[in-house]
Amino acid sequence: MTAPDPLLTVENLALSRGGRALFADVGFSLRPGGLLLLRGPNGAGKSSLLLTLAGVLRPEAGRIDWHAEEPPRVHIVGHQSGVKTRLTLLENLGFWRAVNGPTGISPEAALETVGLGAIGGLDAGYLSAGQTKRLALARLLVTDRPIWLLDEPSASLDTAGDVLVGRLIAARLSSGGAVIAATHDDIPGATETLTLGAPN
Amino acid sequence: MSGLLTILGRDLRLAARTGGDALTLVLFFVMAGAIMPFAIGPDRVLLQKLAPGIIWLAAFLSMLLGLDRLFRADEDDGTLLLFRHAGTPLEAIVAAKLMAHWLLTAVPLLIASPLLAILLSMDTAVWGRTALALLVGTPALTAFGTIGAAVTVSLRRGGLLAPVLILPLSIPVLIFGVASVGAPEGSSAAILFLAAISLVSVAFCPFAAALALRLGSE
């Protein structure tokens, strides 16, 4: 049996920010079920690489090939949560479900999954940093997209939250998706690790 | 289409819950108009003559003042980044935000305009024509403002830059807006031209603003 076709191939990628080279000659390919961990010290360009893959930053050189998906259907979780503090948890999720398409599970079920099921009617402004992170992760569940780009998904989460992130990623991988995560923690099931060096 | 309505609904709901913004704008509008008599002097005839222009200027300035809010909150909490990967095209999202912004800034001014009309001792008929001109012309101001706000959203302190950028673009709106209040026989041509400016700018500005948002984040 041959390996499935890759979802994403990156070749010789180079990026510089503010006139300073961040990284060069980065290359990898991601197949369905693949989990790529981005590692490296602060300032190595992990977040910038994710933004480049998302098409927000333009690479200096190299090729990003999304194969069948152009433009790619990706979910991004960054440092900013994208959560509106004056809307309730359910309204936040319902909003993203309407904007991105109701292809995932219902907002109620998504809140239940991330452990916020009991406070769906609360304004999101009352959430702690960890709860806000959980709400941001619940957004990935209400719309089904094959590829997740996660920037430090377990930042500000408790131990149970780390387990939750691992479980969500495992579920995404087992249903044929792929995940790229910039993280300093260990996420089980990594198929590949890419370490970015310190900036020069 | 449903995504567009969702964003429109969300912006209106957020504005209703946050409150205050529309009221501040209306207060600025009324006060900007009300201080003119102090500068011009208590000449009733002159004031009556200048009143449509004063109302237009006050509306113009208050709409420019509110521009920075268009994309700022979405930029600050990361929503704008997510919008770029939304299932709804960025152009439709910008169009929805344009509509919401018009409803939240121009409509309160229209509602408050009778108050200013009384302060400036305007005729009811002249006020009616001014309100009609504002109704027809303000969508163009919001549309140009959307471009300005999109260009400056990535600048942390771009607050006053957007008004400065779009002011030259908005001058035709002001010219035809005041002209349509003026002579009754010439007013229909001016108001039609104003409507044309509004329709064209509302149709094209979402594309320009979406492009600016895409380029601006680099």
# chains A, B, ... in the order shown; residues from 1 in each chain; ligands from 1
>>> select_by_dssp(residues="region 42-90 of chain B", states="helix (DSSP H, G or I)", output="MDAnalysis selection string")
chainID B and resid 44:65 69:76 79:83 90
>>> write_last_selection(atoms="C-alpha atoms", output="PDB file, in the first residue's frame")
ATOM      1  CA  ARG B  44     -30.617  84.857  11.986  1.00  0.00           C
ATOM      2  CA  VAL B  45     -30.780  85.311   8.212  1.00  0.00           C
ATOM      3  CA  LEU B  46     -27.143  84.378   7.697  1.00  0.00           C
ATOM      4  CA  LEU B  47     -27.501  81.338   9.973  1.00  0.00           C
ATOM      5  CA  GLN B  48     -30.556  80.144   8.083  1.00  0.00           C
ATOM      6  CA  LYS B  49     -28.622  80.432   4.867  1.00  0.00           C
ATOM      7  CA  LEU B  50     -25.613  78.574   6.214  1.00  0.00           C
ATOM      8  CA  ALA B  51     -27.558  75.918   8.144  1.00  0.00           C
ATOM      9  CA  PRO B  52     -27.506  73.118   5.503  1.00  0.00           C
ATOM     10  CA  GLY B  53     -23.761  73.536   5.068  1.00  0.00           C
ATOM     11  CA  ILE B  54     -23.244  73.523   8.845  1.00  0.00           C
ATOM     12  CA  ILE B  55     -25.267  70.326   9.246  1.00  0.00           C
ATOM     13  CA  TRP B  56     -23.314  68.669   6.438  1.00  0.00           C
ATOM     14  CA  LEU B  57     -19.988  69.728   7.935  1.00  0.00           C
ATOM     15  CA  ALA B  58     -20.981  68.512  11.391  1.00  0.00           C
ATOM     16  CA  ALA B  59     -22.144  65.169   9.979  1.00  0.00           C
ATOM     17  CA  PHE B  60     -18.989  64.897   7.868  1.00  0.00           C
ATOM     18  CA  LEU B  61     -16.711  65.518  10.852  1.00  0.00           C
ATOM     19  CA  SER B  62     -18.536  63.155  13.196  1.00  0.00           C
ATOM     20  CA  MET B  63     -18.467  60.384  10.608  1.00  0.00           C
ATOM     21  CA  LEU B  64     -14.731  60.853  10.123  1.00  0.00           C
ATOM     22  CA  LEU B  65     -14.276  60.705  13.876  1.00  0.00           C
ATOM     23  CA  ARG B  69     -13.635  51.952  15.255  1.00  0.00           C
ATOM     24  CA  LEU B  70     -14.544  50.134  12.038  1.00  0.00           C
ATOM     25  CA  PHE B  71     -11.864  47.446  12.156  1.00  0.00           C
ATOM     26  CA  ARG B  72     -10.003  48.286  15.377  1.00  0.00           C
ATOM     27  CA  ALA B  73     -11.798  45.908  17.743  1.00  0.00           C
ATOM     28  CA  ASP B  74     -11.610  43.014  15.280  1.00  0.00           C
ATOM     29  CA  GLU B  75      -7.915  43.672  14.723  1.00  0.00           C
ATOM     30  CA  ASP B  76      -7.163  43.822  18.436  1.00  0.00           C
ATOM     31  CA  THR B  79     -10.926  38.293  14.642  1.00  0.00           C
ATOM     32  CA  LEU B  80      -9.621  40.058  11.542  1.00  0.00           C
ATOM     33  CA  LEU B  81      -6.973  37.359  11.027  1.00  0.00           C
ATOM     34  CA  LEU B  82      -9.643  34.673  11.295  1.00  0.00           C
ATOM     35  CA  PHE B  83     -11.870  36.596   8.863  1.00  0.00           C
ATOM     36  CA  LEU B  90     -13.414  38.941   2.990  1.00  0.00           C
TER      37      LEU B  90
END
>>> residues_around(residues="Leu116 (chain A)", least_positions_apart="4", cutoff="12 Å", atoms="only C-alpha atoms", output="PyMOL selection string")
chain A and resi 88-90+93+107-112+120-122+124+127-128+130-138+161
>>> closest_atom_pairs(of="chain A", to="chain B", cutoff="9 Å", atoms="only C-alpha atoms", output="Markdown table")
| residue | atom | partner | partner_atom | distance |
| --- | --- | --- | --- | --- |
| A:Ala54 | CA | B:His85 | CA | 8.1 |
| A:Val56 | CA | B:Glu218 | CA | 6.7 |
| A:Leu57 | CA | B:Glu218 | CA | 5.3 |
| A:Arg58 | CA | B:Glu218 | CA | 7.2 |
| A:Pro71 | CA | B:His85 | CA | 8.9 |
| A:Pro72 | CA | B:His85 | CA | 8.5 |
| A:Arg73 | CA | B:His85 | CA | 7.4 |
| A:Val74 | CA | B:His85 | CA | 7.1 |
| A:His75 | CA | B:His85 | CA | 7.5 |
| A:Ile76 | CA | B:Leu82 | CA | 7.1 |
| A:Val77 | CA | B:Leu82 | CA | 8.6 |
| A:Gly78 | CA | B:Gly78 | CA | 7.9 |
| A:His79 | CA | B:Gly78 | CA | 8.1 |
| A:Gln80 | CA | B:Gly78 | CA | 4.9 |
| A:Ser81 | CA | B:Gly78 | CA | 6.1 |
| A:Gly82 | CA | B:Thr79 | CA | 4.3 |
| A:Val83 | CA | B:Asp77 | CA | 6.7 |
| A:Lys84 | CA | B:Asp77 | CA | 7.5 |
| A:Arg86 | CA | B:Leu14 | CA | 6.5 |
| A:Leu87 | CA | B:Leu14 | CA | 7.2 |
| A:Glu91 | CA | B:Arg10 | CA | 8.9 |
| A:Phe95 | CA | B:Thr6 | CA | 6.7 |
| A:Trp96 | CA | B:Ala86 | CA | 8.2 |
| A:Ala98 | CA | B:Gly3 | CA | 5.8 |
| A:Val99 | CA | B:Gly3 | CA | 4.6 |
| A:Asn100 | CA | B:Gly87 | CA | 4.0 |
| A:Gly101 | CA | B:Gly87 | CA | 6.2 |
>>> write_last_selection(atoms="C-alpha atoms", output="PDB file, in the first residue's frame")
ATOM      1  CA  ALA A  54      -1.837  30.603   6.316  1.00  0.00           C
ATOM      2  CA  VAL A  56      -0.833  36.091   5.784  1.00  0.00           C
ATOM      3  CA  LEU A  57       2.905  36.673   5.393  1.00  0.00           C
ATOM      4  CA  ARG A  58       4.660  36.418   2.060  1.00  0.00           C
ATOM      5  CA  PRO A  71      -7.086  28.381  -1.055  1.00  0.00           C
ATOM      6  CA  PRO A  72      -6.525  26.012   1.858  1.00  0.00           C
ATOM      7  CA  ARG A  73      -9.294  25.315   4.326  1.00  0.00           C
ATOM      8  CA  VAL A  74      -7.335  25.802   7.507  1.00  0.00           C
ATOM      9  CA  HIS A  75      -8.178  26.672  11.058  1.00  0.00           C
ATOM     10  CA  ILE A  76      -5.792  28.969  12.894  1.00  0.00           C
ATOM     11  CA  VAL A  77      -5.456  29.350  16.627  1.00  0.00           C
ATOM     12  CA  GLY A  78      -3.046  32.125  17.425  1.00  0.00           C
ATOM     13  CA  HIS A  79      -2.107  34.168  20.438  1.00  0.00           C
ATOM     14  CA  GLN A  80      -5.176  36.324  19.988  1.00  0.00           C
ATOM     15  CA  SER A  81      -8.299  34.362  20.689  1.00  0.00           C
ATOM     16  CA  GLY A  82     -10.724  35.969  18.233  1.00  0.00           C
ATOM     17  CA  VAL A  83     -13.275  35.881  21.043  1.00  0.00           C
ATOM     18  CA  LYS A  84     -15.731  38.757  21.444  1.00  0.00           C
ATOM     19  CA  ARG A  86     -19.445  41.067  24.939  1.00  0.00           C
ATOM     20  CA  LEU A  87     -21.003  37.998  23.316  1.00  0.00           C
ATOM     21  CA  GLU A  91     -23.065  33.385  20.510  1.00  0.00           C
ATOM     22  CA  PHE A  95     -21.144  33.369  14.931  1.00  0.00           C
ATOM     23  CA  TRP A  96     -18.145  31.404  13.636  1.00  0.00           C
ATOM     24  CA  ALA A  98     -22.492  30.865  10.527  1.00  0.00           C
ATOM     25  CA  VAL A  99     -19.489  32.620   8.996  1.00  0.00           C
ATOM     26  CA  ASN A 100     -17.436  29.505   8.271  1.00  0.00           C
ATOM     27  CA  GLY A 101     -20.202  27.064   7.488  1.00  0.00           C
TER      28      GLY A 101
END
>>> residues_around(residues="Gly45 (chain A)", least_positions_apart="5", cutoff="10 Å", atoms="only C-alpha atoms", output="list in words")
Leu15, Ser16, Arg17, Ala21, Leu22, Phe23, Leu38, Arg39, Gly40, Leu50, Leu51, Ala182, Leu196, Gly197, Ala198 and Pro199 of chain A
>>> write_last_selection(atoms="C-alpha atoms", output="compact mmCIF listing (two decimals), in the first residue's frame")
# COMPACT_ATOMS: atom_id res chain seq x y z
CA LEU A 15 11.26 34.26 5.50
CA SER A 16 12.57 37.51 6.86
CA ARG A 17 10.82 39.99 9.09
CA ALA A 21 16.34 36.65 8.06
CA LEU A 22 14.28 34.37 10.31
CA PHE A 23 14.82 31.03 8.64
CA LEU A 38 7.42 23.23 15.31
CA ARG A 39 10.08 23.74 17.88
CA GLY A 40 12.69 26.35 18.57
CA LEU A 50 2.39 29.40 10.69
CA LEU A 51 1.27 32.81 9.39
CA ALA A 182 4.15 25.37 17.37
CA LEU A 196 13.88 26.22 13.83
CA GLY A 197 17.19 27.68 14.89
CA ALA A 198 17.82 30.80 16.89
CA PRO A 199 17.74 34.00 14.85
>>> select_by_dssp(residues="region 75-130 of chain A", states="strand (DSSP E or B)", output="list of chain:residue names")
A:His75, A:Ile76, A:Val77, A:Thr88, A:Asp123
>>> write_last_selection(atoms="C-alpha atoms", output="CSV table (one decimal), in the first residue's frame")
chain,number,residue,atom,x,y,z
A,75,HIS,CA,-8.2,26.7,11.1
A,76,ILE,CA,-5.8,29.0,12.9
A,77,VAL,CA,-5.5,29.4,16.6
A,88,THR,CA,-21.9,34.9,25.2
A,123,ASP,CA,-20.4,36.6,28.5
